[in-house]
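Novice: This is run-v8.cif (mmCIF, N, CA and C atoms).
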```cif
data_model
loop_
_atom_site.label_atom_id
_atom_site.label_comp_id
_atom_site.auth_asym_id
_atom_site.auth_seq_id
_atom_site.Cartn_x
_atom_site.Cartn_y
_atom_site.Cartn_z
N MET R 1 7.18 8.02 68.56
CA MET R 1 6.07 7.18 68.94
C MET R 1 5.60 6.40 67.70
N ALA R 2 5.36 5.14 67.89
CA ALA R 2 4.95 4.27 66.79
C ALA R 2 3.49 4.54 66.40
N LEU R 3 3.19 4.34 65.15
CA LEU R 3 1.84 4.50 64.63
C LEU R 3 1.08 3.20 64.83
N ASP R 4 -0.03 3.26 65.55
CA ASP R 4 -0.87 2.09 65.75
C ASP R 4 -1.83 1.97 64.56
N LEU R 5 -1.58 1.01 63.70
CA LEU R 5 -2.37 0.87 62.48
C LEU R 5 -3.82 0.54 62.78
N PHE R 6 -4.08 -0.22 63.83
CA PHE R 6 -5.47 -0.55 64.16
C PHE R 6 -6.26 0.71 64.49
N SER R 7 -5.75 1.52 65.39
CA SER R 7 -6.49 2.73 65.78
C SER R 7 -6.57 3.73 64.63
N GLN R 8 -5.62 3.68 63.73
CA GLN R 8 -5.61 4.63 62.62
C GLN R 8 -6.52 4.20 61.47
N PHE R 9 -6.60 2.88 61.19
CA PHE R 9 -7.26 2.44 59.97
C PHE R 9 -8.39 1.42 60.12
N ALA R 10 -8.55 0.80 61.29
CA ALA R 10 -9.58 -0.23 61.44
C ALA R 10 -10.97 0.37 61.27
N SER R 11 -11.75 -0.24 60.40
CA SER R 11 -13.11 0.27 60.16
C SER R 11 -14.14 -0.77 60.59
N ASP R 12 -15.32 -0.27 60.86
CA ASP R 12 -16.44 -1.09 61.31
C ASP R 12 -17.27 -1.46 60.08
N GLU R 13 -17.23 -2.71 59.68
CA GLU R 13 -17.93 -3.14 58.46
C GLU R 13 -19.44 -2.91 58.56
N ASN R 14 -20.00 -3.03 59.75
CA ASN R 14 -21.43 -2.77 59.94
C ASN R 14 -21.75 -1.32 59.59
N LEU R 15 -20.94 -0.38 60.07
CA LEU R 15 -21.16 1.04 59.75
C LEU R 15 -20.95 1.29 58.26
N GLU R 16 -19.94 0.66 57.68
CA GLU R 16 -19.68 0.85 56.26
C GLU R 16 -20.86 0.43 55.40
N ASN R 17 -21.51 -0.67 55.77
CA ASN R 17 -22.61 -1.21 54.97
C ASN R 17 -23.98 -0.67 55.35
N ASN R 18 -24.19 -0.41 56.64
CA ASN R 18 -25.52 -0.01 57.12
C ASN R 18 -25.62 1.46 57.48
N GLY R 19 -24.51 2.17 57.38
CA GLY R 19 -24.53 3.62 57.56
C GLY R 19 -24.13 4.08 58.95
N ALA R 20 -23.62 5.30 58.96
CA ALA R 20 -23.29 6.02 60.19
C ALA R 20 -24.04 7.34 60.15
N TRP R 21 -24.62 7.73 61.29
CA TRP R 21 -25.32 9.01 61.36
C TRP R 21 -24.30 10.13 61.37
N GLN R 22 -24.53 11.12 60.51
CA GLN R 22 -23.61 12.24 60.40
C GLN R 22 -24.40 13.54 60.41
N ASP R 23 -24.01 14.45 61.31
CA ASP R 23 -24.66 15.76 61.41
C ASP R 23 -24.30 16.61 60.21
N ILE R 24 -25.31 17.33 59.70
CA ILE R 24 -25.04 18.23 58.57
C ILE R 24 -25.45 19.66 58.87
N GLY R 25 -25.79 19.93 60.12
CA GLY R 25 -26.15 21.29 60.51
C GLY R 25 -27.52 21.34 61.14
N GLY R 26 -27.66 22.24 62.11
CA GLY R 26 -28.92 22.35 62.83
C GLY R 26 -29.26 21.03 63.49
N ASP R 27 -30.51 20.63 63.38
CA ASP R 27 -30.94 19.34 63.92
C ASP R 27 -30.99 18.27 62.83
N SER R 28 -30.34 18.52 61.73
CA SER R 28 -30.41 17.61 60.59
C SER R 28 -29.22 16.66 60.58
N LYS R 29 -29.52 15.40 60.26
CA LYS R 29 -28.45 14.42 60.11
C LYS R 29 -28.84 13.41 59.06
N LEU R 30 -27.80 12.80 58.48
CA LEU R 30 -27.99 11.82 57.42
C LEU R 30 -27.40 10.49 57.85
N LEU R 31 -28.04 9.41 57.45
CA LEU R 31 -27.51 8.07 57.65
C LEU R 31 -26.83 7.69 56.34
N VAL R 32 -25.49 7.61 56.36
CA VAL R 32 -24.73 7.42 55.14
C VAL R 32 -23.82 6.21 55.25
N ALA R 33 -23.93 5.29 54.29
CA ALA R 33 -23.03 4.14 54.21
C ALA R 33 -21.75 4.60 53.52
N ARG R 34 -20.71 3.82 53.69
CA ARG R 34 -19.41 4.19 53.13
C ARG R 34 -19.36 3.93 51.63
N ALA R 35 -18.79 4.87 50.91
CA ALA R 35 -18.61 4.70 49.46
C ALA R 35 -17.75 3.48 49.22
N GLY R 36 -18.10 2.75 48.18
CA GLY R 36 -17.32 1.57 47.82
C GLY R 36 -17.76 0.31 48.53
N ASN R 37 -18.82 0.39 49.35
CA ASN R 37 -19.28 -0.85 49.98
C ASN R 37 -19.77 -1.82 48.90
N ARG R 38 -20.02 -3.05 49.27
CA ARG R 38 -20.36 -4.08 48.27
C ARG R 38 -21.59 -3.74 47.45
N LYS R 39 -22.65 -3.28 48.12
CA LYS R 39 -23.88 -2.94 47.40
C LYS R 39 -23.63 -1.81 46.40
N TYR R 40 -22.87 -0.83 46.82
CA TYR R 40 -22.53 0.31 45.96
C TYR R 40 -21.78 -0.18 44.71
N ALA R 41 -20.73 -0.93 44.94
CA ALA R 41 -19.90 -1.41 43.82
C ALA R 41 -20.71 -2.29 42.87
N LYS R 42 -21.52 -3.15 43.42
CA LYS R 42 -22.31 -4.07 42.59
C LYS R 42 -23.33 -3.32 41.73
N LEU R 43 -24.07 -2.39 42.34
CA LEU R 43 -25.08 -1.65 41.59
C LEU R 43 -24.43 -0.72 40.56
N LEU R 44 -23.35 -0.05 40.94
CA LEU R 44 -22.67 0.85 40.00
C LEU R 44 -22.16 0.07 38.79
N THR R 45 -21.54 -1.06 39.03
CA THR R 45 -21.03 -1.88 37.93
C THR R 45 -22.17 -2.33 37.02
N LYS R 46 -23.26 -2.78 37.61
CA LYS R 46 -24.41 -3.25 36.84
C LYS R 46 -24.97 -2.14 35.95
N LEU R 47 -25.16 -0.95 36.52
CA LEU R 47 -25.75 0.14 35.76
C LEU R 47 -24.81 0.69 34.69
N VAL R 48 -23.52 0.72 34.98
CA VAL R 48 -22.56 1.18 33.98
C VAL R 48 -22.52 0.20 32.80
N GLU R 49 -22.48 -1.09 33.10
CA GLU R 49 -22.48 -2.08 32.02
C GLU R 49 -23.76 -2.02 31.20
N LYS R 50 -24.88 -1.86 31.87
CA LYS R 50 -26.18 -1.80 31.19
C LYS R 50 -26.27 -0.58 30.27
N ASN R 51 -25.61 0.51 30.65
CA ASN R 51 -25.72 1.76 29.90
C ASN R 51 -24.43 2.14 29.18
N LYS R 52 -23.58 1.16 28.95
CA LYS R 52 -22.26 1.41 28.36
C LYS R 52 -22.33 2.17 27.04
N ARG R 53 -23.25 1.79 26.19
CA ARG R 53 -23.34 2.43 24.88
C ARG R 53 -23.62 3.93 25.02
N VAL R 54 -24.54 4.31 25.89
CA VAL R 54 -24.86 5.73 26.10
C VAL R 54 -23.68 6.44 26.76
N LEU R 55 -23.10 5.82 27.77
CA LEU R 55 -21.99 6.43 28.51
C LEU R 55 -20.76 6.64 27.64
N ASP R 56 -20.55 5.78 26.67
CA ASP R 56 -19.41 5.91 25.76
C ASP R 56 -19.60 7.02 24.74
N GLY R 57 -20.81 7.59 24.68
CA GLY R 57 -21.11 8.63 23.70
C GLY R 57 -20.34 9.92 23.89
N ASN R 58 -19.87 10.19 25.10
CA ASN R 58 -19.06 11.38 25.35
C ASN R 58 -19.77 12.66 24.91
N ASP R 59 -21.07 12.75 25.22
CA ASP R 59 -21.86 13.92 24.85
C ASP R 59 -22.80 14.27 26.00
N ASP R 60 -23.76 15.17 25.74
CA ASP R 60 -24.70 15.58 26.78
C ASP R 60 -25.54 14.42 27.29
N ALA R 61 -25.91 13.52 26.40
CA ALA R 61 -26.69 12.35 26.80
C ALA R 61 -25.88 11.46 27.75
N ALA R 62 -24.60 11.33 27.49
CA ALA R 62 -23.72 10.54 28.36
C ALA R 62 -23.61 11.19 29.73
N ASP R 63 -23.46 12.51 29.75
CA ASP R 63 -23.38 13.23 31.02
C ASP R 63 -24.67 13.09 31.82
N ALA R 64 -25.79 13.22 31.15
CA ALA R 64 -27.09 13.10 31.82
C ALA R 64 -27.28 11.69 32.37
N LYS R 65 -26.90 10.68 31.60
CA LYS R 65 -27.03 9.29 32.05
C LYS R 65 -26.11 9.03 33.23
N SER R 66 -24.90 9.58 33.19
CA SER R 66 -23.96 9.42 34.30
C SER R 66 -24.53 10.01 35.58
N ASP R 67 -25.10 11.22 35.49
CA ASP R 67 -25.74 11.83 36.67
C ASP R 67 -26.90 10.98 37.16
N GLU R 68 -27.71 10.49 36.25
CA GLU R 68 -28.85 9.64 36.60
C GLU R 68 -28.39 8.37 37.34
N ILE R 69 -27.33 7.77 36.85
CA ILE R 69 -26.79 6.56 37.48
C ILE R 69 -26.28 6.88 38.88
N MET R 70 -25.54 7.98 39.03
CA MET R 70 -25.00 8.32 40.34
C MET R 70 -26.12 8.61 41.34
N VAL R 71 -27.16 9.31 40.91
CA VAL R 71 -28.30 9.56 41.79
C VAL R 71 -28.90 8.24 42.26
N GLN R 72 -29.13 7.33 41.33
CA GLN R 72 -29.71 6.04 41.69
C GLN R 72 -28.81 5.25 42.63
N VAL R 73 -27.54 5.18 42.33
CA VAL R 73 -26.60 4.40 43.15
C VAL R 73 -26.49 4.99 44.55
N ILE R 74 -26.35 6.30 44.65
CA ILE R 74 -26.24 6.93 45.97
C ILE R 74 -27.54 6.76 46.75
N ALA R 75 -28.68 6.94 46.09
CA ALA R 75 -29.97 6.82 46.77
C ALA R 75 -30.22 5.40 47.28
N GLU R 76 -29.78 4.41 46.53
CA GLU R 76 -30.08 3.03 46.90
C GLU R 76 -29.01 2.38 47.77
N THR R 77 -27.81 2.95 47.81
CA THR R 77 -26.74 2.25 48.53
C THR R 77 -25.98 3.11 49.54
N LEU R 78 -26.04 4.42 49.45
CA LEU R 78 -25.28 5.26 50.38
C LEU R 78 -26.16 6.10 51.30
N LEU R 79 -27.11 6.82 50.76
CA LEU R 79 -27.98 7.66 51.58
C LEU R 79 -29.14 6.81 52.08
N LEU R 80 -29.02 6.33 53.32
CA LEU R 80 -29.94 5.32 53.83
C LEU R 80 -31.00 5.86 54.78
N GLY R 81 -30.93 7.12 55.09
CA GLY R 81 -31.94 7.71 55.98
C GLY R 81 -31.58 9.14 56.31
N TRP R 82 -32.53 9.84 56.93
CA TRP R 82 -32.25 11.19 57.41
C TRP R 82 -33.24 11.58 58.47
N GLU R 83 -32.87 12.60 59.21
CA GLU R 83 -33.74 13.21 60.21
C GLU R 83 -33.60 14.72 60.09
N GLY R 84 -34.72 15.43 60.29
CA GLY R 84 -34.68 16.88 60.29
C GLY R 84 -34.44 17.50 58.93
N ILE R 85 -34.96 16.89 57.89
CA ILE R 85 -34.77 17.40 56.53
C ILE R 85 -36.09 17.98 56.02
N THR R 86 -36.00 19.17 55.44
CA THR R 86 -37.15 19.79 54.78
C THR R 86 -36.78 20.05 53.33
N TYR R 87 -37.82 20.22 52.51
CA TYR R 87 -37.62 20.52 51.09
C TYR R 87 -38.69 21.53 50.70
N LYS R 88 -38.24 22.68 50.25
CA LYS R 88 -39.13 23.78 49.90
C LYS R 88 -40.05 24.12 51.07
N GLY R 89 -39.47 24.11 52.28
CA GLY R 89 -40.18 24.54 53.48
C GLY R 89 -41.05 23.49 54.14
N LYS R 90 -41.13 22.30 53.58
CA LYS R 90 -41.97 21.25 54.16
C LYS R 90 -41.12 20.06 54.57
N GLU R 91 -41.51 19.42 55.68
CA GLU R 91 -40.79 18.25 56.13
C GLU R 91 -40.79 17.19 55.03
N LEU R 92 -39.63 16.58 54.83
CA LEU R 92 -39.48 15.58 53.79
C LEU R 92 -39.13 14.24 54.44
N PRO R 93 -40.08 13.31 54.46
CA PRO R 93 -39.77 12.00 55.04
C PRO R 93 -38.78 11.25 54.16
N TYR R 94 -37.96 10.42 54.79
CA TYR R 94 -36.99 9.64 54.02
C TYR R 94 -37.69 8.54 53.22
N SER R 95 -37.32 8.41 51.99
CA SER R 95 -37.67 7.28 51.13
C SER R 95 -36.64 7.29 50.01
N ILE R 96 -36.50 6.20 49.32
CA ILE R 96 -35.57 6.18 48.19
C ILE R 96 -36.01 7.18 47.13
N ALA R 97 -37.32 7.27 46.89
CA ALA R 97 -37.82 8.23 45.90
C ALA R 97 -37.47 9.66 46.30
N ASN R 98 -37.63 10.01 47.59
CA ASN R 98 -37.28 11.35 48.05
C ASN R 98 -35.77 11.56 48.03
N ALA R 99 -35.02 10.50 48.30
CA ALA R 99 -33.56 10.60 48.21
C ALA R 99 -33.15 10.93 46.78
N LYS R 100 -33.76 10.26 45.81
CA LYS R 100 -33.45 10.55 44.40
C LYS R 100 -33.81 11.99 44.06
N LEU R 101 -34.91 12.47 44.60
CA LEU R 101 -35.32 13.85 44.34
C LEU R 101 -34.25 14.84 44.80
N VAL R 102 -33.81 14.71 46.05
CA VAL R 102 -32.86 15.69 46.58
C VAL R 102 -31.44 15.45 46.06
N LEU R 103 -31.12 14.22 45.71
CA LEU R 103 -29.80 13.94 45.14
C LEU R 103 -29.68 14.47 43.71
N GLY R 104 -30.81 14.83 43.12
CA GLY R 104 -30.80 15.48 41.82
C GLY R 104 -30.13 16.85 41.88
N MET R 105 -30.03 17.40 43.09
CA MET R 105 -29.30 18.67 43.28
C MET R 105 -27.82 18.31 43.46
N LYS R 106 -27.01 18.68 42.49
CA LYS R 106 -25.63 18.19 42.48
C LYS R 106 -24.83 18.64 43.69
N GLU R 107 -25.11 19.79 44.26
CA GLU R 107 -24.36 20.23 45.44
C GLU R 107 -24.68 19.35 46.65
N PHE R 108 -25.94 18.95 46.80
CA PHE R 108 -26.29 18.03 47.89
C PHE R 108 -25.66 16.67 47.63
N ARG R 109 -25.66 16.25 46.39
CA ARG R 109 -25.04 14.97 46.02
C ARG R 109 -23.56 14.98 46.39
N LYS R 110 -22.89 16.11 46.19
CA LYS R 110 -21.48 16.23 46.56
C LYS R 110 -21.29 16.11 48.07
N VAL R 111 -22.21 16.70 48.84
CA VAL R 111 -22.13 16.61 50.30
C VAL R 111 -22.24 15.16 50.74
N VAL R 112 -23.21 14.44 50.21
CA VAL R 112 -23.40 13.04 50.57
C VAL R 112 -22.19 12.21 50.17
N ALA R 113 -21.68 12.44 48.98
CA ALA R 113 -20.50 11.70 48.51
C ALA R 113 -19.30 11.97 49.41
N LYS R 114 -19.13 13.21 49.84
CA LYS R 114 -18.01 13.54 50.73
C LYS R 114 -18.18 12.84 52.08
N LEU R 115 -19.38 12.83 52.61
CA LEU R 115 -19.62 12.14 53.88
C LEU R 115 -19.33 10.64 53.75
N ALA R 116 -19.70 10.07 52.61
CA ALA R 116 -19.49 8.64 52.38
C ALA R 116 -18.01 8.29 52.26
N GLU R 117 -17.18 9.28 51.98
CA GLU R 117 -15.73 9.07 51.86
C GLU R 117 -14.98 9.35 53.16
N ASP R 118 -15.67 9.86 54.19
CA ASP R 118 -15.03 10.25 55.44
C ASP R 118 -14.64 9.03 56.26
N GLN R 119 -13.40 8.66 56.19
CA GLN R 119 -12.89 7.47 56.86
C GLN R 119 -13.20 7.47 58.36
N ASP R 120 -13.11 8.62 59.00
CA ASP R 120 -13.31 8.69 60.44
C ASP R 120 -14.71 8.28 60.87
N ALA R 121 -15.70 8.49 60.02
CA ALA R 121 -17.09 8.14 60.37
C ALA R 121 -17.30 6.63 60.48
N TYR R 122 -16.41 5.85 59.89
CA TYR R 122 -16.60 4.41 59.83
C TYR R 122 -15.55 3.64 60.63
N LYS R 123 -14.76 4.35 61.42
CA LYS R 123 -13.73 3.70 62.22
C LYS R 123 -14.35 2.87 63.33
N VAL R 124 -13.62 1.85 63.75
CA VAL R 124 -14.02 1.07 64.90
C VAL R 124 -14.08 2.02 66.08
N GLN R 125 -15.17 1.95 66.84
CA GLN R 125 -15.33 2.85 67.98
C GLN R 125 -14.19 2.66 68.98
N GLU R 126 -13.79 3.73 69.61
CA GLU R 126 -12.63 3.70 70.50
C GLU R 126 -12.76 2.67 71.62
N GLU R 127 -13.97 2.52 72.19
CA GLU R 127 -14.16 1.55 73.26
C GLU R 127 -13.88 0.12 72.76
N VAL R 128 -14.32 -0.15 71.54
CA VAL R 128 -14.07 -1.47 70.95
C VAL R 128 -12.58 -1.62 70.68
N ALA R 129 -11.97 -0.58 70.15
CA ALA R 129 -10.55 -0.62 69.81
C ALA R 129 -9.70 -0.89 71.05
N GLN R 130 -10.16 -0.39 72.20
CA GLN R 130 -9.41 -0.57 73.43
C GLN R 130 -9.84 -1.83 74.19
N GLY R 131 -10.75 -2.60 73.62
CA GLY R 131 -11.18 -3.85 74.24
C GLY R 131 -12.15 -3.66 75.39
N LYS R 132 -12.84 -2.51 75.45
CA LYS R 132 -13.76 -2.24 76.56
C LYS R 132 -15.19 -2.62 76.24
N ALA R 133 -15.49 -2.89 75.01
CA ALA R 133 -16.88 -3.21 74.65
C ALA R 133 -17.08 -4.70 74.53
#
```
Would you write the structure of this file as structure tokens?
Specialist:
Amino acid sequence: MALDLFSQFASDENLENNGAWQDIGGDSKLLVARAGNRKYAKLLTKLVEKNKRVLDGNDDAADAKSDEIMVQVIAETLLLGWEGITYKGKELPYSIANAKLVLGMKEFRKVVAKLAEDQDAYKVQEEVAQGKA
């Protein structure tokens, strides 16, 4: 059987840029844009160039700056919303500032980054792919 490249690889640019809702357990879900979208690439490039001297240091300051940049880039371009999220037992409304707060936890940052890399979340919906929409 032949491989249909459209059904296998076609992605929805709207979902890539504006996010796809992804369940993360319980009643919680995140609105995550695809890694590498234009806003992501542009902001990452800008911040890396701006902080090149520190990043080239290859020391603890460089590592800290790198983490700071990734938190900012993910908060502003990938993690675009959430529902059902609490922090230290209290409901946490979505905002970029709150996103930066929780993305400071590297394990959560890894979860968001993995979701942003999930090709299947950004595929053209099957109904559209089959010409039904």
Novice: Taking the chain letters and numbering used in this document, name the residues of stretch 2-37 of chain R that DSSP puts in strand (DSSP E), as a PyMOL selection string.
Specialist: chain R and resi 20-25+28-32
Novice: Go through chain R and collect every residue that DSSP, computed from the backbone, puts in alpha helix (DSSP H); the answer should be as a PyMOL selection string.
Specialist: chain R and resi 5-9+13-18+38-50+52-55+60-77+96-103+106-117+126-129
Novice: Might you spell out which residues the PyMOL selection byres (((chain R and resi 65 and name CA) around 12) and name CA) would select in the displayed file, as a PDB file with N, CA and C atoms, keeping the file's coordinate frame?
Specialist:
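Listed below is the output, result06.pdb:
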```pdb
ATOM      1  N   LEU R  47     -25.160  -0.950  36.520  1.00  0.00           N
ATOM      2  CA  LEU R  47     -25.750   0.140  35.760  1.00  0.00           C
ATOM      3  C   LEU R  47     -24.810   0.690  34.690  1.00  0.00           C
ATOM      4  N   VAL R  48     -23.520   0.720  34.980  1.00  0.00           N
ATOM      5  CA  VAL R  48     -22.560   1.180  33.980  1.00  0.00           C
ATOM      6  C   VAL R  48     -22.520   0.200  32.800  1.00  0.00           C
ATOM      7  N   LYS R  50     -24.880  -1.860  31.870  1.00  0.00           N
ATOM      8  CA  LYS R  50     -26.180  -1.800  31.190  1.00  0.00           C
ATOM      9  C   LYS R  50     -26.270  -0.580  30.270  1.00  0.00           C
ATOM     10  N   ASN R  51     -25.610   0.510  30.650  1.00  0.00           N
ATOM     11  CA  ASN R  51     -25.720   1.760  29.900  1.00  0.00           C
ATOM     12  C   ASN R  51     -24.430   2.140  29.180  1.00  0.00           C
ATOM     13  N   LYS R  52     -23.580   1.160  28.950  1.00  0.00           N
ATOM     14  CA  LYS R  52     -22.260   1.410  28.360  1.00  0.00           C
ATOM     15  C   LYS R  52     -22.330   2.170  27.040  1.00  0.00           C
ATOM     16  N   ARG R  53     -23.250   1.790  26.190  1.00  0.00           N
ATOM     17  CA  ARG R  53     -23.340   2.430  24.880  1.00  0.00           C
ATOM     18  C   ARG R  53     -23.620   3.930  25.020  1.00  0.00           C
ATOM     19  N   VAL R  54     -24.540   4.310  25.890  1.00  0.00           N
ATOM     20  CA  VAL R  54     -24.860   5.730  26.100  1.00  0.00           C
ATOM     21  C   VAL R  54     -23.680   6.440  26.760  1.00  0.00           C
ATOM     22  N   LEU R  55     -23.100   5.820  27.770  1.00  0.00           N
ATOM     23  CA  LEU R  55     -21.990   6.430  28.510  1.00  0.00           C
ATOM     24  C   LEU R  55     -20.760   6.640  27.640  1.00  0.00           C
ATOM     25  N   ASP R  56     -20.550   5.780  26.670  1.00  0.00           N
ATOM     26  CA  ASP R  56     -19.410   5.910  25.760  1.00  0.00           C
ATOM     27  C   ASP R  56     -19.600   7.020  24.740  1.00  0.00           C
ATOM     28  N   GLY R  57     -20.810   7.590  24.680  1.00  0.00           N
ATOM     29  CA  GLY R  57     -21.110   8.630  23.700  1.00  0.00           C
ATOM     30  C   GLY R  57     -20.340   9.920  23.890  1.00  0.00           C
ATOM     31  N   ASN R  58     -19.870  10.190  25.100  1.00  0.00           N
ATOM     32  CA  ASN R  58     -19.060  11.380  25.350  1.00  0.00           C
ATOM     33  C   ASN R  58     -19.770  12.660  24.910  1.00  0.00           C
ATOM     34  N   ASP R  59     -21.070  12.750  25.220  1.00  0.00           N
ATOM     35  CA  ASP R  59     -21.860  13.920  24.850  1.00  0.00           C
ATOM     36  C   ASP R  59     -22.800  14.270  26.000  1.00  0.00           C
ATOM     37  N   ASP R  60     -23.760  15.170  25.740  1.00  0.00           N
ATOM     38  CA  ASP R  60     -24.700  15.580  26.780  1.00  0.00           C
ATOM     39  C   ASP R  60     -25.540  14.420  27.290  1.00  0.00           C
ATOM     40  N   ALA R  61     -25.910  13.520  26.400  1.00  0.00           N
ATOM     41  CA  ALA R  61     -26.690  12.350  26.800  1.00  0.00           C
ATOM     42  C   ALA R  61     -25.880  11.460  27.750  1.00  0.00           C
ATOM     43  N   ALA R  62     -24.600  11.330  27.490  1.00  0.00           N
ATOM     44  CA  ALA R  62     -23.720  10.540  28.360  1.00  0.00           C
ATOM     45  C   ALA R  62     -23.610  11.190  29.730  1.00  0.00           C
ATOM     46  N   ASP R  63     -23.460  12.510  29.750  1.00  0.00           N
ATOM     47  CA  ASP R  63     -23.380  13.230  31.020  1.00  0.00           C
ATOM     48  C   ASP R  63     -24.670  13.090  31.820  1.00  0.00           C
ATOM     49  N   ALA R  64     -25.790  13.220  31.150  1.00  0.00           N
ATOM     50  CA  ALA R  64     -27.090  13.100  31.820  1.00  0.00           C
ATOM     51  C   ALA R  64     -27.280  11.690  32.370  1.00  0.00           C
ATOM     52  N   SER R  66     -24.900   9.580  33.190  1.00  0.00           N
ATOM     53  CA  SER R  66     -23.960   9.420  34.300  1.00  0.00           C
ATOM     54  C   SER R  66     -24.530  10.010  35.580  1.00  0.00           C
ATOM     55  N   ASP R  67     -25.100  11.220  35.490  1.00  0.00           N
ATOM     56  CA  ASP R  67     -25.740  11.830  36.670  1.00  0.00           C
ATOM     57  C   ASP R  67     -26.900  10.980  37.160  1.00  0.00           C
ATOM     58  N   GLU R  68     -27.710  10.490  36.250  1.00  0.00           N
ATOM     59  CA  GLU R  68     -28.850   9.640  36.600  1.00  0.00           C
ATOM     60  C   GLU R  68     -28.390   8.370  37.340  1.00  0.00           C
ATOM     61  N   ILE R  69     -27.330   7.770  36.850  1.00  0.00           N
ATOM     62  CA  ILE R  69     -26.790   6.560  37.480  1.00  0.00           C
ATOM     63  C   ILE R  69     -26.280   6.880  38.880  1.00  0.00           C
ATOM     64  N   MET R  70     -25.540   7.980  39.030  1.00  0.00           N
ATOM     65  CA  MET R  70     -25.000   8.320  40.340  1.00  0.00           C
ATOM     66  C   MET R  70     -26.120   8.610  41.340  1.00  0.00           C
ATOM     67  N   VAL R  71     -27.160   9.310  40.910  1.00  0.00           N
ATOM     68  CA  VAL R  71     -28.300   9.560  41.790  1.00  0.00           C
ATOM     69  C   VAL R  71     -28.900   8.240  42.260  1.00  0.00           C
ATOM     70  N   GLN R  72     -29.130   7.330  41.330  1.00  0.00           N
ATOM     71  CA  GLN R  72     -29.710   6.040  41.690  1.00  0.00           C
ATOM     72  C   GLN R  72     -28.810   5.250  42.630  1.00  0.00           C
TER      73      GLN R  72
END
```
Novice: If I take atom CA of R:Ala35 and atom CA of R:Val112, how far is one from the other in Å, to one decimal?
Specialist: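 Taking atom CA of R:Ala35 as the start and atom CA of R:Val112 as the end point, the length is 9.7 Å.
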Novice: So which residues touch R:Phe9 within 7 Å, counting only N, CA and C atoms, skipping near sequence neighbours fewer than 5 positions away, as an MDAnalysis selection string?
Specialist: chainID R and resid 4 123:124
Novice: Return as a list of chain:residue names the set of residues that the PyMOL selection byres (((chain R and resi 103-109 and name CA) around 10) and name CA) yields on the displayed structure.
Specialist: R:Asp67, R:Glu68, R:Met70, R:Val71, R:Gln72, R:Ile74, R:Ala75, R:Leu79, R:Ala97, R:Asn98, R:Ala99, R:Lys100, R:Leu101, R:Val102, R:Lys110, R:Val111, R:Val112, R:Ala113, R:Lys114, R:Leu115
Novice: Write out as a list in words which residues come within 9 Å of R:Pro93 when counting only C-alpha atoms, dropping same-chain ones fewer than 2 positions away.
Specialist: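 Returned residues: Gly81, Trp82, Glu83, Gly84, Ile85, Thr86, Glu91, Ser95 and Asn98 of chain R.
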Novice: Translate the PyMOL selection byres (((chain R and resi 32 and name CA) around 6) and name CA), as applied to the file shown, into an explicit residue set as a PDB file with N, CA and C atoms, in the frame of the given file.
Specialist:
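Okay, this is what ended up in result_16.pdb:
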```pdb
ATOM      1  N   GLY R  19     -24.510   2.170  57.380  1.00  0.00           N
ATOM      2  CA  GLY R  19     -24.530   3.620  57.560  1.00  0.00           C
ATOM      3  C   GLY R  19     -24.130   4.080  58.950  1.00  0.00           C
ATOM      4  N   ALA R  20     -23.620   5.300  58.960  1.00  0.00           N
ATOM      5  CA  ALA R  20     -23.290   6.020  60.190  1.00  0.00           C
ATOM      6  C   ALA R  20     -24.040   7.340  60.150  1.00  0.00           C
ATOM      7  N   LEU R  30     -27.800  12.800  58.480  1.00  0.00           N
ATOM      8  CA  LEU R  30     -27.990  11.820  57.420  1.00  0.00           C
ATOM      9  C   LEU R  30     -27.400  10.490  57.850  1.00  0.00           C
ATOM     10  N   LEU R  31     -28.040   9.410  57.450  1.00  0.00           N
ATOM     11  CA  LEU R  31     -27.510   8.070  57.650  1.00  0.00           C
ATOM     12  C   LEU R  31     -26.830   7.690  56.340  1.00  0.00           C
ATOM     13  N   ALA R  33     -23.930   5.290  54.290  1.00  0.00           N
ATOM     14  CA  ALA R  33     -23.030   4.140  54.210  1.00  0.00           C
ATOM     15  C   ALA R  33     -21.750   4.600  53.520  1.00  0.00           C
ATOM     16  N   LEU R  78     -26.040   4.420  49.450  1.00  0.00           N
ATOM     17  CA  LEU R  78     -25.280   5.260  50.380  1.00  0.00           C
ATOM     18  C   LEU R  78     -26.160   6.100  51.300  1.00  0.00           C
ATOM     19  N   LEU R  79     -27.110   6.820  50.760  1.00  0.00           N
ATOM     20  CA  LEU R  79     -27.980   7.660  51.580  1.00  0.00           C
ATOM     21  C   LEU R  79     -29.140   6.810  52.080  1.00  0.00           C
ATOM     22  N   LEU R  80     -29.020   6.330  53.320  1.00  0.00           N
ATOM     23  CA  LEU R  80     -29.940   5.320  53.830  1.00  0.00           C
ATOM     24  C   LEU R  80     -31.000   5.860  54.780  1.00  0.00           C
TER      25      LEU R  80
END
```
Novice: May I ask for the distance between atom N of R:Glu49 and atom CA of R:Glu13, given in Å to one decimal place?
Specialist: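 Distance between the two atoms: 25.8 Å.
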Novice: One number please: atom N of R:Asn17 to atom CA of R:Lys46, in Å, one decimal.
Specialist: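 Separation of atom N of R:Asn17 and atom CA of R:Lys46: 19.3 Å.
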Novice: Report, as AutoDock Vina command-line options, the axis-aligned box around all atoms of stretch 10-22 of chain R present in the file, extended by 6 Å on each side; give centre and edge lengths in Å to one decimal place.
Specialist:
```
--center_x -17.1 --center_y 5.2 --center_z 58.2 --size_x 29.1 --size_y 28.7 --size_z 18.5
```
